[in-house]
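Participant: One structure is given below, represented as structure tokens, and several questions about it will come after.
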Amino acid sequence: KNEKSMGVYWKDKALESCVESLRIRRLYLERSGEGEEGEEQPIDFFKNGVARELYNKGRLHFWRAEWNDGIHALEEGLELLHSIGKNMSPETIQILLLMSKIESKRNNYSQALLHLDKIKAIDEERKQLHHASSLSVLSPLSKSERKKWDIDVADSLRCVGRIYLQEQFYDKG
């Protein structure tokens, strides 16, 4: 019992520090572009940082079984990534995968599958763009990013299978 309360304590502490980090990152984001002439802070850099922290916040809510808060944080992160043109990035894949897992936990299988379909579509589009031109519009993934990408895409396919199984049992009662 004591171990369990310690786990809750550390999850609370992790969420507190994540919220504080998010507050600071948002402050930087608000101030980006200020600075002296020719010394502008890159707004995309700060948006990316906020999006990454929102993913962490979503993951913490997932661990705490706070589904709505998790989805809200992830949707906000996804919006930020899209605003800086990173809608086919590894970060986007991670967010969609986690959103799918949360929707599965809420027994919202159709929504979970929708997120997984988006992952599959992004992967396909990225492959087509890569094959279409050696001077790809997309920045190439490093070897480790490619490996992580492949693992996340494979994980999303595994989730599809798991959801179909859950739906089958769920429908039968």
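Labeling convention for the structure tokens: chains A, B, ... as they appear, residues from 1 per chain, ligands from 1 in order of appearance.
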Got a sec: who's within 12 Å of Arg158 (chain A), counting only C-alpha atoms, leaving out chain neighbours fewer than 6 positions off, as a VMD selection string?

Facilitator: chain A and resid 97 100 to 101 113 116 120 151 to 152 164 to 165

Participant: Taking the chain letters and numbering used in this document, name the residues of region 20-133 of chain A that DSSP puts in alpha helix (DSSP H), as a PyMOL selection string.

Facilitator: chain A and resi 20-31+43-63+67-83+90-105+109-132

Participant: For Leu96 (chain A), which of A:Val50, A:Val19, A:Ala112, A:Met6 is the closest residue, counting only C-alpha atoms?

Facilitator: A:Ala112

Participant: When you look at Asp44 (chain A) with a cut-off of 9 Å (counting only C-alpha atoms), what residues show up, excluding the ones that are within fewer than 4 positions of it in the same chain? I need them as number ranges by chain.

Facilitator: A: 29, 48-49, 81, 83-84

Participant: Using only N, CA, C and O atoms, please write the residues we just selected to a file, as a PDB file, in the first residue's frame.

Facilitator:
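Saved to part04.pdb:
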```pdb
ATOM      1  N   LEU A  29       7.547  31.213 -25.722  1.00  0.00           N
ATOM      2  CA  LEU A  29       6.829  31.255 -26.999  1.00  0.00           C
ATOM      3  C   LEU A  29       6.190  32.630 -27.204  1.00  0.00           C
ATOM      4  O   LEU A  29       6.275  33.208 -28.285  1.00  0.00           O
ATOM      5  N   ASN A  48       7.684  23.916 -31.075  1.00  0.00           N
ATOM      6  CA  ASN A  48       8.071  22.504 -31.017  1.00  0.00           C
ATOM      7  C   ASN A  48       8.318  22.072 -29.568  1.00  0.00           C
ATOM      8  O   ASN A  48       7.917  20.987 -29.153  1.00  0.00           O
ATOM      9  N   GLY A  49       8.966  22.932 -28.794  1.00  0.00           N
ATOM     10  CA  GLY A  49       9.222  22.638 -27.380  1.00  0.00           C
ATOM     11  C   GLY A  49       7.942  22.515 -26.577  1.00  0.00           C
ATOM     12  O   GLY A  49       7.801  21.620 -25.741  1.00  0.00           O
ATOM     13  N   LEU A  81       2.185  21.355 -33.699  1.00  0.00           N
ATOM     14  CA  LEU A  81       3.059  20.717 -34.690  1.00  0.00           C
ATOM     15  C   LEU A  81       2.578  21.017 -36.109  1.00  0.00           C
ATOM     16  O   LEU A  81       3.380  21.307 -36.989  1.00  0.00           O
ATOM     17  N   SER A  83       0.920  23.609 -37.035  1.00  0.00           N
ATOM     18  CA  SER A  83       1.118  25.035 -37.329  1.00  0.00           C
ATOM     19  C   SER A  83       2.541  25.338 -37.792  1.00  0.00           C
ATOM     20  O   SER A  83       2.781  26.364 -38.423  1.00  0.00           O
ATOM     21  N   ILE A  84       3.485  24.453 -37.494  1.00  0.00           N
ATOM     22  CA  ILE A  84       4.872  24.668 -37.949  1.00  0.00           C
ATOM     23  C   ILE A  84       5.255  23.668 -39.037  1.00  0.00           C
ATOM     24  O   ILE A  84       6.431  23.466 -39.330  1.00  0.00           O
TER      25      ILE A  84
END
```

Participant: Determine, counting only C-alpha atoms, which protein, DNA and RNA residues have an atom within 12 Å of an atom of Gln111 (chain A); residues of the same chain fewer than 2 positions away are not included. Present the result as a PyMOL selection string.

Facilitator: chain A and resi 71+96-97+99-109+113-118+160+163

Participant: Considering only C-alpha atoms, can you say which of A:Arg23, A:Arg52, A:Lys143, A:Lys47 comes closest to Thr92 (chain A)?

Facilitator: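 Selected residue with least distance to Thr92 (chain A): A:Arg52.
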
Participant: Could you list, as a list in words, every residue within 9 Å of Arg59 (chain A), counting only C-alpha atoms and ignoring same-chain residues fewer than 4 positions away?

Facilitator: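 Everything that qualifies: Leu54, Tyr55, Trp63, Arg64, Gly70, Leu74 and Leu98 of chain A.
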
Participant: One decimal, in Å: what's the spacing between CA of Lys57 (chain A) and CA of Ser32 (chain A)?

Facilitator: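 If I compute the distance from CA of Lys57 (chain A) to CA of Ser32 (chain A), I get 22.4 Å.
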